[in-house]
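**Student:** Supplied structure: upload_28.txt, compact mmCIF, C-alpha atoms.
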```txt
# COMPACT_ATOMS: atom_id res chain seq x y z
CA MET G 1407 84.06 59.12 -52.71
CA THR G 1408 85.33 62.69 -52.72
CA LEU G 1409 87.37 64.10 -49.87
CA THR G 1410 88.36 67.72 -49.73
CA THR G 1411 90.92 69.01 -47.31
CA PRO G 1412 92.05 72.53 -46.56
CA SER G 1413 94.88 73.85 -48.65
CA PRO G 1414 98.11 74.38 -46.70
CA SER G 1415 98.33 77.88 -48.15
CA ARG G 1416 95.10 79.05 -46.49
CA ALA G 1417 95.35 81.93 -44.06
CA PRO G 1418 94.85 80.87 -40.41
CA ALA G 1419 91.82 83.15 -40.07
CA VAL G 1420 89.89 81.14 -42.66
CA ALA G 1421 87.79 78.35 -41.16
CA THR G 1422 88.77 74.94 -42.46
CA VAL G 1423 86.16 72.77 -44.06
CA ASP G 1424 86.55 69.03 -44.45
CA ARG G 1425 83.99 67.21 -46.58
CA LEU G 1426 83.12 63.73 -47.77
CA SER G 1427 80.56 63.14 -50.50
CA LEU G 1428 79.71 59.51 -51.12
CA PRO G 1429 77.16 58.23 -53.67
CA LEU G 1430 75.44 55.19 -52.18
CA PRO G 1431 73.85 52.16 -53.79
CA SER G 1432 70.09 51.76 -53.45
CA GLY G 1433 70.29 48.37 -51.73
CA PRO G 1434 70.68 47.07 -48.20
CA GLU G 1435 74.48 47.45 -48.30
CA ALA G 1436 74.20 51.27 -48.29
CA PRO G 1437 74.02 51.79 -44.48
CA SER G 1438 77.11 49.68 -43.76
CA LEU G 1439 79.08 51.34 -46.57
CA ALA G 1440 78.06 54.75 -45.17
CA ARG G 1441 79.09 53.77 -41.63
CA ARG G 1442 82.52 52.56 -42.77
CA ALA G 1443 83.13 55.72 -44.78
CA THR G 1444 81.98 57.89 -41.87
CA ALA G 1445 84.25 56.11 -39.40
CA GLY G 1446 87.24 56.66 -41.69
CA PHE G 1447 86.33 60.31 -42.26
CA LEU G 1448 85.94 61.03 -38.54
CA HIS G 1449 89.19 59.24 -37.69
CA ARG G 1450 91.05 61.29 -40.31
CA PHE G 1451 89.53 64.73 -39.79
CA TRP G 1452 88.40 64.66 -36.15
CA PRO G 1453 90.94 62.38 -34.41
CA SER G 1454 90.26 63.88 -30.97
CA LEU G 1455 86.58 62.82 -31.10
CA ALA G 1456 85.63 60.50 -28.24
CA GLN G 1457 84.72 56.98 -29.36
CA SER G 1458 81.28 57.24 -27.74
CA ARG G 1459 80.51 60.38 -29.76
CA CYS G 1460 81.81 58.71 -32.92
CA ASP G 1461 79.43 55.83 -32.22
CA ASP G 1462 76.56 58.33 -31.88
CA PHE G 1463 77.39 59.80 -35.29
CA LEU G 1464 77.63 56.35 -36.88
CA LEU G 1465 74.17 55.53 -35.50
CA ILE G 1466 72.70 58.69 -37.04
CA VAL G 1467 74.36 57.98 -40.40
CA SER G 1468 72.88 54.48 -40.29
CA GLU G 1469 69.40 55.79 -39.44
CA LEU G 1470 69.37 58.49 -42.15
CA VAL G 1471 70.75 56.22 -44.86
CA THR G 1472 68.37 53.41 -43.89
CA ASN G 1473 65.47 55.85 -44.21
CA ALA G 1474 66.64 56.85 -47.69
CA VAL G 1475 66.97 53.22 -48.79
CA ARG G 1476 63.60 52.34 -47.27
CA HIS G 1477 61.51 55.31 -48.41
CA ALA G 1478 63.12 56.66 -51.59
CA PRO G 1479 63.59 54.76 -54.82
CA GLY G 1480 67.02 54.96 -56.37
CA ARG G 1481 70.39 56.07 -55.19
CA SER G 1482 71.25 58.43 -52.37
CA THR G 1483 74.30 60.44 -51.37
CA LEU G 1484 75.89 60.84 -47.96
CA THR G 1485 77.66 64.15 -47.35
CA LEU G 1486 79.68 64.79 -44.21
CA THR G 1487 80.99 68.27 -43.51
CA ILE G 1488 83.09 69.47 -40.59
CA ALA G 1489 83.29 73.26 -40.35
CA SER G 1490 83.70 75.53 -37.33
CA SER G 1491 83.51 72.55 -34.93
CA VAL G 1492 80.16 71.42 -36.36
CA LEU G 1493 79.58 68.08 -38.03
CA ASP G 1494 76.79 68.13 -40.61
CA ILE G 1495 75.53 64.72 -41.67
CA ALA G 1496 73.36 65.03 -44.78
CA VAL G 1497 71.65 62.38 -46.88
CA THR G 1498 70.22 63.30 -50.26
CA ASP G 1499 67.63 61.09 -51.92
CA CYS G 1500 65.19 61.30 -54.81
CA SER G 1501 61.93 61.34 -52.83
CA CYS G 1502 60.15 64.67 -52.42
CA VAL G 1503 58.27 63.38 -49.36
CA LEU G 1504 59.66 65.22 -46.34
CA PRO G 1505 60.43 63.22 -43.20
CA ALA G 1506 57.95 63.48 -40.37
CA SER G 1507 58.49 62.50 -36.78
CA ARG G 1508 56.15 59.75 -35.61
CA PRO G 1509 55.83 57.57 -32.55
CA PRO G 1510 58.36 54.73 -32.62
CA ASP G 1511 56.92 51.32 -33.41
CA LEU G 1512 58.74 48.81 -31.26
CA ARG G 1513 56.35 45.91 -31.90
CA ASP G 1514 55.84 45.95 -35.65
CA GLY G 1515 59.41 46.78 -36.64
CA THR G 1516 58.37 49.65 -38.90
CA GLY G 1517 60.75 52.13 -37.31
CA GLY G 1518 59.97 55.69 -36.38
CA MET G 1519 62.98 55.99 -34.10
CA GLY G 1520 65.66 57.69 -36.23
CA LEU G 1521 64.60 61.32 -35.86
CA HIS G 1522 63.94 60.85 -32.14
CA ILE G 1523 67.38 59.32 -31.66
CA ALA G 1524 69.02 62.18 -33.54
CA GLU G 1525 67.22 64.78 -31.41
CA ASP G 1526 68.10 62.92 -28.20
CA LEU G 1527 71.77 63.00 -29.25
CA GLY G 1528 71.63 66.77 -29.72
CA ALA G 1529 71.18 67.10 -33.48
CA ARG G 1530 69.75 70.15 -35.13
CA LEU G 1531 67.54 68.52 -37.77
CA PHE G 1532 66.41 70.21 -40.95
CA THR G 1533 65.42 69.21 -44.47
CA GLU G 1534 66.09 70.95 -47.77
CA ALA G 1535 63.54 70.41 -50.51
CA LEU G 1536 65.31 69.90 -53.84
CA PRO G 1537 63.82 69.92 -57.36
CA ASP G 1538 64.36 66.16 -57.62
CA GLY G 1539 64.19 65.04 -53.99
CA LYS G 1540 65.39 66.24 -50.60
CA ARG G 1541 68.43 66.49 -48.35
CA VAL G 1542 68.01 65.62 -44.66
CA HIS G 1543 70.56 67.16 -42.30
CA ALA G 1544 71.55 66.31 -38.74
CA ALA G 1545 74.03 68.91 -37.48
CA PHE G 1546 76.02 68.43 -34.28
CA ALA G 1547 78.21 70.84 -32.33
CA ALA G 1548 81.58 69.48 -31.23
CA ALA G 1549 80.74 69.46 -27.52
```
Would you mind writing the file out in structure tokens?

**Tutor:**
Amino acid sequence: MTLTTPSPSRAPAVATVDRLSLPLPSGPEAPSLARRATAGFLHRFWPSLAQSRCDDFLLIVSELVTNAVRHAPGRSTLTLTIASSVLDIAVTDCSCVLPASRPPDLRDGTGGMGLHIAEDLGARLFTEALPDGKRVHAAFAAA
């Protein structure tokens, strides 16, 4: 786990950036590890965040990490960045298949809800194609 915090010597005009980068295991323990790390990060770097909004962000982390575990072989990385009152939740995995929104499947248990949930909570969703996989982002304004 890597945490970066702004240097005390920074000029006040420079936007502060707080970041967590956490390599995750490829197994079923990854979502809970990611949620715990996210809760600690938000408590430390965004202490004024309402608990209900924190819960929203933990849900999105869980959804994105679960998708990586479910659909991409190998390890993934969770990156959280707070800059200019925006929280960017990003999950990098080694699958080049880009996520696609689909109707939720409530009967079969095959999912399809994560991207819809993120959009309903106000996320700006985007995906970066990488040479060896992808990075899925859900960015949220502070409000």

**Student:** Rank nothing, just name the residue among G:Leu1470, G:Ala1544, G:Cys1500, G:Ala1535 nearest to Gly1520 (chain G), using all atoms listed in the file.

**Tutor:**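 When distances to Gly1520 (chain G) are compared using all atoms listed in the file, the smallest one comes from G:Leu1470.
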
**Student:** Around the point (79.1, 60.3, -46.1), in the coordinates given by the file, pick out the residues reaching within 10 Å, counting all atoms listed in the file, and return them as a count of residues only.

**Tutor:** 29

**Student:** Take CA of Met1519 (chain G) and CA of Ala1545 (chain G) and report the distance between them in Å, one decimal.

**Tutor:**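 These atoms are spaced 17.3 Å apart.
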
**Student:** Would you please work out which residue, of G:Leu1527, G:Ala1436, G:Ser1501, G:Arg1508, is nearest to Ser1458 (chain G) when using all atoms listed in the file?

**Tutor:**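 Comparing G:Leu1527, G:Ala1436, G:Ser1501, G:Arg1508 against Ser1458 (chain G), the winner is G:Leu1527.
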
**Student:** Could you give me the axis-aligned bounding box of region 1444-1454 of chain G, with 6 Å of padding per side, as centre plus edge lengths in Å to one decimal, as JSON?

**Tutor:**
```
{"center_x": 86.5, "center_y": 60.4, "center_z": -36.6, "size_x": 21.1, "size_y": 20.6, "size_z": 23.3}
```

**Student:** Report, in Å to a single decimal, how far apart CA of Ala1547 (chain G) and CA of Gln1457 (chain G) are.

**Tutor:**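 Computed distance, CA of Gln1457 (chain G) to CA of Ala1547 (chain G), equals 15.6 Å.
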
**Student:** Determine the nearest neighbour of Phe1532 (chain G) from the options G:Ser1507, G:Gly1518, G:Ile1488, G:Ser1482, counting all atoms listed in the file.

**Tutor:** G:Ser1507

**Student:** My list of candidates is G:Arg1481, G:Ser1491, G:Ala1506, G:Glu1435. Which is closest to Leu1455 (chain G) when distances are computed with only C-alpha atoms?

**Tutor:**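 For Leu1455 (chain G), the nearest of the candidates is G:Ser1491.
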
**Student:** Could you state the separation of CA of Ala1489 (chain G) and CA of Pro1437 (chain G) in Å, given to one decimal place?

**Tutor:**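 CA of Ala1489 (chain G) sits 23.7 Å away from CA of Pro1437 (chain G).
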
**Student:** Find, counting only C-alpha atoms, the residue in G:Ala1524, G:Val1542, G:Leu1464, G:Thr1472 that gets nearest to Leu1504 (chain G).

**Tutor:**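 Checking each candidate against Leu1504 (chain G), we get G:Val1542 as the closest.
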
**Student:** I'd like to know which of G:Gly1517, G:Pro1431, G:Gly1539, G:Pro1510 is closest to Val1475 (chain G), using all atoms listed in the file.

**Tutor:**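 Between G:Gly1517, G:Pro1431, G:Gly1539, G:Pro1510, the residue approaching Val1475 (chain G) most closely is G:Pro1431.
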
**Student:** Could I get region 1496-1527 of chain G from the block written out with N, CA and C atoms, as a CSV table (one decimal), in the first residue's frame?

**Tutor:**
```
chain,number,residue,atom,x,y,z
G,1496,ALA,N,-10.1,4.0,-9.1
G,1496,ALA,CA,-9.7,3.3,-10.4
G,1496,ALA,C,-9.2,1.9,-10.0
G,1497,VAL,N,-9.6,1.0,-10.9
G,1497,VAL,CA,-9.2,-0.4,-10.7
G,1497,VAL,C,-8.5,-0.9,-12.0
G,1498,THR,N,-7.3,-1.3,-11.9
G,1498,THR,CA,-6.5,-1.8,-13.0
G,1498,THR,C,-6.5,-3.3,-13.0
G,1499,ASP,N,-6.7,-3.9,-14.1
G,1499,ASP,CA,-6.6,-5.4,-14.2
G,1499,ASP,C,-6.0,-5.7,-15.5
G,1500,CYS,N,-5.7,-7.0,-15.7
G,1500,CYS,CA,-5.0,-7.5,-16.9
G,1500,CYS,C,-5.8,-8.0,-18.0
G,1501,SER,N,-7.1,-7.7,-18.0
G,1501,SER,CA,-8.0,-8.0,-19.1
G,1501,SER,C,-8.1,-6.8,-20.1
G,1502,CYS,N,-8.0,-7.1,-21.4
G,1502,CYS,CA,-8.2,-6.0,-22.3
G,1502,CYS,C,-9.7,-5.8,-22.7
G,1503,VAL,N,-10.5,-6.7,-22.2
G,1503,VAL,CA,-12.0,-6.6,-22.5
G,1503,VAL,C,-12.5,-5.4,-21.8
G,1504,LEU,N,-13.1,-4.4,-22.5
G,1504,LEU,CA,-13.6,-3.2,-21.8
G,1504,LEU,C,-15.0,-3.5,-21.2
G,1505,PRO,N,-15.3,-2.9,-20.1
G,1505,PRO,CA,-16.6,-3.1,-19.5
G,1505,PRO,C,-17.7,-2.6,-20.4
G,1506,ALA,N,-18.8,-3.3,-20.3
G,1506,ALA,CA,-20.0,-2.8,-21.1
G,1506,ALA,C,-21.2,-2.9,-20.2
G,1507,SER,N,-22.0,-1.9,-20.2
G,1507,SER,CA,-23.2,-1.8,-19.4
G,1507,SER,C,-24.2,-2.9,-20.0
G,1508,ARG,N,-24.9,-3.6,-19.1
G,1508,ARG,CA,-25.9,-4.6,-19.5
G,1508,ARG,C,-27.0,-4.6,-18.5
G,1509,PRO,N,-28.1,-5.1,-18.9
G,1509,PRO,CA,-29.3,-5.1,-18.0
G,1509,PRO,C,-28.9,-6.0,-16.8
G,1510,PRO,N,-29.2,-5.5,-15.6
G,1510,PRO,CA,-28.9,-6.3,-14.4
G,1510,PRO,C,-29.7,-7.6,-14.4
G,1511,ASP,N,-29.1,-8.6,-13.9
G,1511,ASP,CA,-29.7,-10.0,-13.8
G,1511,ASP,C,-29.9,-10.2,-12.3
G,1512,LEU,N,-31.2,-10.0,-11.9
G,1512,LEU,CA,-31.5,-10.2,-10.5
G,1512,LEU,C,-31.9,-11.7,-10.2
G,1513,ARG,N,-32.2,-12.5,-11.2
G,1513,ARG,CA,-32.6,-13.8,-10.9
G,1513,ARG,C,-31.5,-14.8,-11.0
G,1514,ASP,N,-30.6,-14.7,-11.9
G,1514,ASP,CA,-29.5,-15.6,-12.1
G,1514,ASP,C,-28.3,-15.4,-11.3
G,1515,GLY,N,-28.2,-14.2,-10.7
G,1515,GLY,CA,-27.0,-13.8,-9.9
G,1515,GLY,C,-25.7,-13.5,-10.7
G,1516,THR,N,-25.9,-13.2,-12.0
G,1516,THR,CA,-24.7,-13.0,-12.8
G,1516,THR,C,-24.3,-11.5,-12.8
G,1517,GLY,N,-25.0,-10.7,-12.1
G,1517,GLY,CA,-24.5,-9.3,-11.9
G,1517,GLY,C,-25.1,-8.3,-12.9
G,1518,GLY,N,-24.3,-7.4,-13.4
G,1518,GLY,CA,-24.7,-6.4,-14.3
G,1518,GLY,C,-25.2,-5.1,-13.7
G,1519,MET,N,-25.0,-5.0,-12.3
G,1519,MET,CA,-25.5,-3.9,-11.6
G,1519,MET,C,-24.5,-2.8,-11.3
G,1520,GLY,N,-23.2,-3.2,-11.3
G,1520,GLY,CA,-22.1,-2.3,-10.8
G,1520,GLY,C,-22.1,-0.9,-11.5
G,1521,LEU,N,-22.0,-1.0,-12.9
G,1521,LEU,CA,-21.9,0.3,-13.6
G,1521,LEU,C,-23.2,1.1,-13.5
G,1522,HIS,N,-24.4,0.5,-13.4
G,1522,HIS,CA,-25.6,1.2,-13.2
G,1522,HIS,C,-25.6,1.9,-11.8
G,1523,ILE,N,-25.2,1.2,-10.8
G,1523,ILE,CA,-25.1,1.7,-9.4
G,1523,ILE,C,-24.2,2.9,-9.4
G,1524,ALA,N,-23.0,2.8,-10.0
G,1524,ALA,CA,-22.0,3.9,-10.1
G,1524,ALA,C,-22.6,5.2,-10.8
G,1525,GLU,N,-23.3,5.0,-11.9
G,1525,GLU,CA,-24.0,6.1,-12.6
G,1525,GLU,C,-25.1,6.7,-11.7
G,1526,ASP,N,-25.9,5.8,-11.0
G,1526,ASP,CA,-26.9,6.4,-10.2
G,1526,ASP,C,-26.4,7.2,-9.0
G,1527,LEU,N,-25.2,6.9,-8.6
G,1527,LEU,CA,-24.6,7.6,-7.5
G,1527,LEU,C,-23.8,8.8,-7.9
```
